[in-house]
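Quick notes on the structure that follows.
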Number of protein chains: 2
Amino acid sequence: MAQPNPAIVLLSGGLDSATVLAIAQADGFDALALSFRYGQRHAVELEAAREVAAAAQVREHRIVDIDPRVFGGSALTDDIEVPKDRDPTAGDEIPVTYVPARNTIFLSYALAFAEVRGAQDIFIGVNAVDYSGYPDCRPEYIAAFERMANLGTKAAVTGRPVRIHTPLIKLTKVEIIRRGRALGVDYALTRSCYDPDAVGRACGHCDSCQLRLAAFAKLGLTDPAPYIQG
Amino acid sequence: MAQPNPAIVLLSGGLDSATVLAIAQADGFDALALSFRYGQRHAVELEAAREVAAAAQVREHRIVDIDPRVFGGSALTDDIEVPKDRDPTAGDEIPVTYVPARNTIFLSYALAFAEVRGAQDIFIGVNAVDYSGYPDCRPEYIAAFERMANLGTKAAVTGRPVRIHTPLIKLTKVEIIRRGRALGVDYALTRSCYDPDAVGRACGHCDSCQLRLAAFAKLGLTDPAPYIQG
């Protein structure tokens, strides 16, 4: 049997990236996980990322520190209030939870990690259905990143192109959860909340919680992750 | 008089980026400098960057730490020998001093910094004449990065495009030094060597030193930076 090809999987510890990890492995890749500590309020995500990576038996899980001042100006890193109980899919303005150039920095690190490990494939759980307001979750952005990556790395001369995989980009949250469950993802390990309490329980009211809770409800399931109420 | 527009200038402390800083200021920008500590052997560059930024009276100089393990596999960060006394312009292979995805990571940080500071302009001292072997120094890579940046940030909706300026990209080292001297750059403050000694003196034999020394010589000048011999 051929050795599986390595792939870099961006793993936040949330529901989406845990599903992406399972998809990358199901696609036959030797998934190497990459997470970031960047002063996010929801740092409990990193613990979740560790548990998800361990459960998936990934061979290498790297956590990179990013100076949080880099991202000054987002509700996810600063003392800006996280919006609660609003319609998370309304409007096409850029949400206050948008973090400047975050996916570009994350993908750039993934690109370096891929080059160092000889991987051609990078997986990221961006989604253009629920996160249409985030410019760095759109297909045209991902395509432009991939093109840039292929011009700016050894791929430019080796003929081994870099591929950015976005298996969730067109899926609804319901479809993502269905897919992950079919692949055996344990969503009890994942954390998606933008504003969890000190012991990591989800708030149940931010955009991310609402999207997640609604999807589990539509599937007739109870979200197995811990919430502050109930 | 109108308030000058802010611009992010990537400042390594080398000859090229010091020149770029002077050009950005001469173009009327309020230059904010951005440097990186990434375990480079030539960390003395960072001291040089500080001195160059101070001499240019930049309002803000941010130094960002990057986990050096990210770049594993380059002669600039690892225990790989820096080539000496070879023709630095020969061949079109990727040199061992290429650092995986480095400019992509640097520019991504600059992009976040620009977004946080409301700057539309980013300056980088890449050069496609002397560094033709580095994929991330080529014009087509820079154009692809700029396109990606405009799709992946607020620029996608604000109509205020991000511009990546590469004023040195087609200049020879002689032309760069001539331009910088006309703008008053003090090259005694700059450091370009890939393999300096403990007190920061340049080796005089790596690609970077050779290019620099040859250019000063062609201009009938002595490089004012300190070298190990002489």
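For the structure tokens, the naming scheme is as follows: chains receive sequential letters (A, B, ...) according to their order of presentation, residues are indexed from 1 within each chain, and ligands are indexed from 1 in presentation order.
Look at Cys137 of chain A: the protein and nucleic acid residues within 9 Å of it, using only C-alpha atoms and passing over chain neighbours fewer than 5 places away, are Asn103, Gly125, Val126, Asn127, Ala128, Tyr131, Ser132, Ile142 and Ile169 of chain A; Gly152 of chain B.
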Next, write the just-selected residues to a file, as a short mmCIF file (atom, residue, chain, number, x, y, z; two decimals), in the first residue's frame, keeping C-alpha atoms as the atom set.
```
data_model
loop_
_atom_site.label_atom_id
_atom_site.label_comp_id
_atom_site.auth_asym_id
_atom_site.auth_seq_id
_atom_site.Cartn_x
_atom_site.Cartn_y
_atom_site.Cartn_z
CA ASN A 103 -7.36 33.43 7.22
CA GLY A 125 -13.01 24.75 6.97
CA VAL A 126 -14.22 28.02 5.50
CA ASN A 127 -17.89 28.25 4.73
CA ALA A 128 -19.56 30.73 2.39
CA TYR A 131 -20.17 33.27 6.84
CA SER A 132 -20.99 35.15 3.67
CA ILE A 142 -9.49 30.91 -1.70
CA ILE A 169 -17.45 25.90 1.51
CA GLY B 152 -9.79 38.56 1.44
#
```
Inset, instruction - When you get a sec, could you note down which chain A residues fall within 6 Å of chain B, using only C-alpha atoms, as a PyMOL selection string? - result: chain A and resi 100-101+104-105+108+112+135-136+141+144-145+148+151-153
Produce a file of the selected residues containing N, CA and C atoms, as a PDB file, in the first residue's frame.
```pdb
ATOM      1  N   PRO A 100      -9.038  40.896  11.122  1.00  0.00           N
ATOM      2  CA  PRO A 100      -8.301  41.343   9.939  1.00  0.00           C
ATOM      3  C   PRO A 100      -7.272  40.343   9.411  1.00  0.00           C
ATOM      4  N   ALA A 101      -7.454  39.972   8.173  1.00  0.00           N
ATOM      5  CA  ALA A 101      -6.492  39.126   7.446  1.00  0.00           C
ATOM      6  C   ALA A 101      -6.197  37.790   8.138  1.00  0.00           C
ATOM      7  N   THR A 104      -5.791  34.742   5.908  1.00  0.00           N
ATOM      8  CA  THR A 104      -4.584  34.909   5.091  1.00  0.00           C
ATOM      9  C   THR A 104      -3.340  34.553   5.901  1.00  0.00           C
ATOM     10  N   ILE A 105      -3.292  34.998   7.146  1.00  0.00           N
ATOM     11  CA  ILE A 105      -2.152  34.638   7.995  1.00  0.00           C
ATOM     12  C   ILE A 105      -2.167  33.139   8.290  1.00  0.00           C
ATOM     13  N   SER A 108      -1.093  31.267   5.293  1.00  0.00           N
ATOM     14  CA  SER A 108       0.328  31.490   5.003  1.00  0.00           C
ATOM     15  C   SER A 108       1.204  30.588   5.863  1.00  0.00           C
ATOM     16  N   ALA A 112       3.741  27.509   4.674  1.00  0.00           N
ATOM     17  CA  ALA A 112       5.115  27.262   5.113  1.00  0.00           C
ATOM     18  C   ALA A 112       5.248  25.846   5.673  1.00  0.00           C
ATOM     19  N   PRO A 135     -15.070  38.348   4.107  1.00  0.00           N
ATOM     20  CA  PRO A 135     -14.464  38.275   2.769  1.00  0.00           C
ATOM     21  C   PRO A 135     -13.515  37.088   2.622  1.00  0.00           C
ATOM     22  N   ASP A 136     -12.870  36.690   3.732  1.00  0.00           N
ATOM     23  CA  ASP A 136     -11.874  35.614   3.610  1.00  0.00           C
ATOM     24  C   ASP A 136     -12.476  34.217   3.780  1.00  0.00           C
ATOM     25  N   TYR A 141     -11.747  34.235  -2.992  1.00  0.00           N
ATOM     26  CA  TYR A 141     -10.566  34.521  -2.164  1.00  0.00           C
ATOM     27  C   TYR A 141      -9.670  33.282  -2.085  1.00  0.00           C
ATOM     28  N   ALA A 144      -7.812  32.745  -5.214  1.00  0.00           N
ATOM     29  CA  ALA A 144      -6.723  33.720  -5.364  1.00  0.00           C
ATOM     30  C   ALA A 144      -5.549  33.372  -4.456  1.00  0.00           C
ATOM     31  N   PHE A 145      -5.848  32.861  -3.250  1.00  0.00           N
ATOM     32  CA  PHE A 145      -4.760  32.455  -2.354  1.00  0.00           C
ATOM     33  C   PHE A 145      -3.984  31.299  -2.987  1.00  0.00           C
ATOM     34  N   MET A 148      -1.728  32.528  -5.720  1.00  0.00           N
ATOM     35  CA  MET A 148      -0.575  33.225  -5.145  1.00  0.00           C
ATOM     36  C   MET A 148       0.409  32.210  -4.577  1.00  0.00           C
ATOM     37  N   LEU A 151       2.627  30.625  -7.042  1.00  0.00           N
ATOM     38  CA  LEU A 151       3.633  31.510  -7.639  1.00  0.00           C
ATOM     39  C   LEU A 151       4.742  31.847  -6.646  1.00  0.00           C
ATOM     40  N   GLY A 152       4.439  31.739  -5.330  1.00  0.00           N
ATOM     41  CA  GLY A 152       5.373  32.247  -4.331  1.00  0.00           C
ATOM     42  C   GLY A 152       6.147  31.199  -3.557  1.00  0.00           C
ATOM     43  N   THR A 153       6.025  29.946  -3.928  1.00  0.00           N
ATOM     44  CA  THR A 153       6.746  28.890  -3.211  1.00  0.00           C
ATOM     45  C   THR A 153       7.491  28.008  -4.223  1.00  0.00           C
TER      46      THR A 153
END
```
Inset, instruction - Have a look at A:Cys209, A:Ile122, A:Ile177, A:Ala18 and name the one nearest to His165 of chain A; count only C-alpha atoms. - result: A:Ile122
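Nearest residue to Val129 of chain B among B:Arg201, B:Lys218, B:Lys170, B:His61 is B:Lys170, counting only C-alpha atoms.
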Legend entry - For Val52 of chain B, the nearest of the candidates B:Ser208, B:Thr222, B:Gln120, B:Ser12, counting only C-alpha atoms: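 Distance minimum relative to Val52 of chain B lands on B:Ser12.
Residues in contact with Asp207 of chain A at 7 Å, where only C-alpha atoms are counted and same-chain residues fewer than 2 positions away are skipped, are listed as A:Lys84, A:Pro88, A:His205, A:Cys209, A:Gln210, A:Leu211.
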Legend entry - Distance criterion (only C-alpha atoms): nearest to Ala215 of chain A out of A:Glu47, A:Leu15, A:Ala202, A:Cys193: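 Using only C-alpha atoms, Ala215 of chain A sits closest to A:Leu15.
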Inset, instruction - Would you list the contacts of Pro224 of chain A as a ChimeraX atom specification, taking every protein, DNA or RNA residue within 12 Å and counting only C-alpha atoms, but skipping same-chain residues closer than 6 positions in sequence? - result: /A:15,177,185-191,201-202,212-213,216-217,230
Output N, CA and C atoms for every residue in that selection, as an mmCIF file, in the first residue's frame.
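Generated output (again.cif):
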```cif
data_model
loop_
_atom_site.group_PDB
_atom_site.id
_atom_site.type_symbol
_atom_site.label_atom_id
_atom_site.label_comp_id
_atom_site.auth_asym_id
_atom_site.auth_seq_id
_atom_site.Cartn_x
_atom_site.Cartn_y
_atom_site.Cartn_z
ATOM 1 N N LEU A 15 -16.519 23.043 15.375
ATOM 2 C CA LEU A 15 -17.268 21.983 14.687
ATOM 3 C C LEU A 15 -16.796 21.817 13.243
ATOM 4 N N ILE A 177 -22.739 18.766 9.714
ATOM 5 C CA ILE A 177 -22.884 17.859 10.862
ATOM 6 C C ILE A 177 -23.228 16.440 10.390
ATOM 7 N N VAL A 185 -17.155 11.794 13.674
ATOM 8 C CA VAL A 185 -16.658 12.922 14.470
ATOM 9 C C VAL A 185 -17.437 13.011 15.783
ATOM 10 N N ASP A 186 -16.706 13.158 16.875
ATOM 11 C CA ASP A 186 -17.354 13.319 18.181
ATOM 12 C C ASP A 186 -17.496 14.818 18.469
ATOM 13 N N TYR A 187 -18.668 15.353 18.196
ATOM 14 C CA TYR A 187 -18.865 16.803 18.346
ATOM 15 C C TYR A 187 -18.894 17.259 19.801
ATOM 16 N N ALA A 188 -18.953 16.315 20.718
ATOM 17 C CA ALA A 188 -18.854 16.684 22.137
ATOM 18 C C ALA A 188 -17.485 17.307 22.438
ATOM 19 N N LEU A 189 -16.485 16.962 21.639
ATOM 20 C CA LEU A 189 -15.133 17.486 21.869
ATOM 21 C C LEU A 189 -14.946 18.888 21.313
ATOM 22 N N THR A 190 -15.813 19.300 20.417
ATOM 23 C CA THR A 190 -15.598 20.570 19.700
ATOM 24 C C THR A 190 -16.207 21.762 20.430
ATOM 25 N N ARG A 191 -15.635 22.930 20.172
ATOM 26 C CA ARG A 191 -16.124 24.185 20.765
ATOM 27 C C ARG A 191 -16.190 25.239 19.670
ATOM 28 N N ARG A 201 -17.756 26.450 28.800
ATOM 29 C CA ARG A 201 -19.122 26.189 28.343
ATOM 30 C C ARG A 201 -19.553 27.289 27.366
ATOM 31 N N ALA A 202 -20.283 26.889 26.348
ATOM 32 C CA ALA A 202 -20.705 27.822 25.299
ATOM 33 C C ALA A 202 -21.829 28.717 25.792
ATOM 34 N N ARG A 212 -24.977 26.727 15.240
ATOM 35 C CA ARG A 212 -24.712 25.345 15.613
ATOM 36 C C ARG A 212 -25.929 24.691 16.270
ATOM 37 N N LEU A 213 -26.523 25.399 17.222
ATOM 38 C CA LEU A 213 -27.689 24.849 17.924
ATOM 39 C C LEU A 213 -28.854 24.622 16.960
ATOM 40 N N PHE A 216 -28.198 21.401 14.855
ATOM 41 C CA PHE A 216 -28.451 20.154 15.598
ATOM 42 C C PHE A 216 -29.953 19.958 15.782
ATOM 43 N N ALA A 217 -30.666 21.051 16.087
ATOM 44 C CA ALA A 217 -32.119 20.966 16.292
ATOM 45 C C ALA A 217 -32.819 20.493 15.021
ATOM 46 N N GLY A 230 -28.459 24.707 30.614
ATOM 47 C CA GLY A 230 -28.899 23.374 30.171
ATOM 48 C C GLY A 230 -27.721 22.555 29.786
#
```
Legend entry - DSSP strand (DSSP E or B) selection over chain A, as number ranges by chain: A: 6-10, 30-37, 61-65, 84, 121-123, 163-165, 202, 206, 227
Atoms kept (C-alpha atoms) for selection, written as an mmCIF file, in the first residue's frame:
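Okay, again26.cif is ready:
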```
data_model
loop_
_atom_site.group_PDB
_atom_site.id
_atom_site.type_symbol
_atom_site.label_atom_id
_atom_site.label_comp_id
_atom_site.auth_asym_id
_atom_site.auth_seq_id
_atom_site.Cartn_x
_atom_site.Cartn_y
_atom_site.Cartn_z
ATOM 1 C CA PRO A 6 0.666 14.451 4.003
ATOM 2 C CA ALA A 7 -1.846 17.281 4.169
ATOM 3 C CA ILE A 8 -1.996 20.294 6.463
ATOM 4 C CA VAL A 9 -5.371 20.722 8.191
ATOM 5 C CA LEU A 10 -6.191 24.014 9.908
ATOM 6 C CA ASP A 30 -1.951 11.751 6.465
ATOM 7 C CA ALA A 31 -3.389 14.816 8.200
ATOM 8 C CA LEU A 32 -1.033 17.134 10.087
ATOM 9 C CA ALA A 33 -2.968 19.591 12.242
ATOM 10 C CA LEU A 34 -2.149 23.271 12.646
ATOM 11 C CA SER A 35 -3.735 25.524 15.278
ATOM 12 C CA PHE A 36 -3.102 29.091 16.438
ATOM 13 C CA ARG A 37 -2.998 30.832 19.775
ATOM 14 C CA HIS A 61 -0.331 18.783 15.807
ATOM 15 C CA ARG A 62 1.443 22.093 15.810
ATOM 16 C CA ILE A 63 0.170 25.087 17.766
ATOM 17 C CA VAL A 64 1.660 28.376 16.598
ATOM 18 C CA ASP A 65 1.634 31.554 18.677
ATOM 19 C CA LYS A 84 -25.841 38.010 20.919
ATOM 20 C CA ASP A 121 -2.487 19.812 0.204
ATOM 21 C CA ILE A 122 -3.989 22.240 2.704
ATOM 22 C CA PHE A 123 -7.466 21.879 4.186
ATOM 23 C CA ARG A 163 -3.998 22.776 -3.480
ATOM 24 C CA ILE A 164 -6.273 24.522 -0.985
ATOM 25 C CA HIS A 165 -9.188 22.236 -0.109
ATOM 26 C CA ALA A 202 -20.705 27.822 25.299
ATOM 27 C CA CYS A 206 -23.529 34.357 19.820
ATOM 28 C CA TYR A 227 -23.625 25.043 27.236
#
```
Inset, instruction - Tell me, as a PyMOL selection string, which residues lie within 9 Å of Ala53 of chain B, counting only C-alpha atoms; anything in the same chain fewer than 3 positions away does not count. - result: chain B and resi 11+13+18+21+32-33+48-50+56-61
Legend entry - Separation of atom CA of Gly118 of chain B from atom CA of Gly159 of chain B, in Å and rounded to one decimal: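 That distance, rounded to one decimal, is 13.0 Å.
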Inset, instruction - Give me every alpha helix (DSSP H) residue in segment 90-202 of chain A, going by DSSP on the backbone, as a PyMOL selection string. - result: chain A and resi 102-117+139-152+155-158+173-182
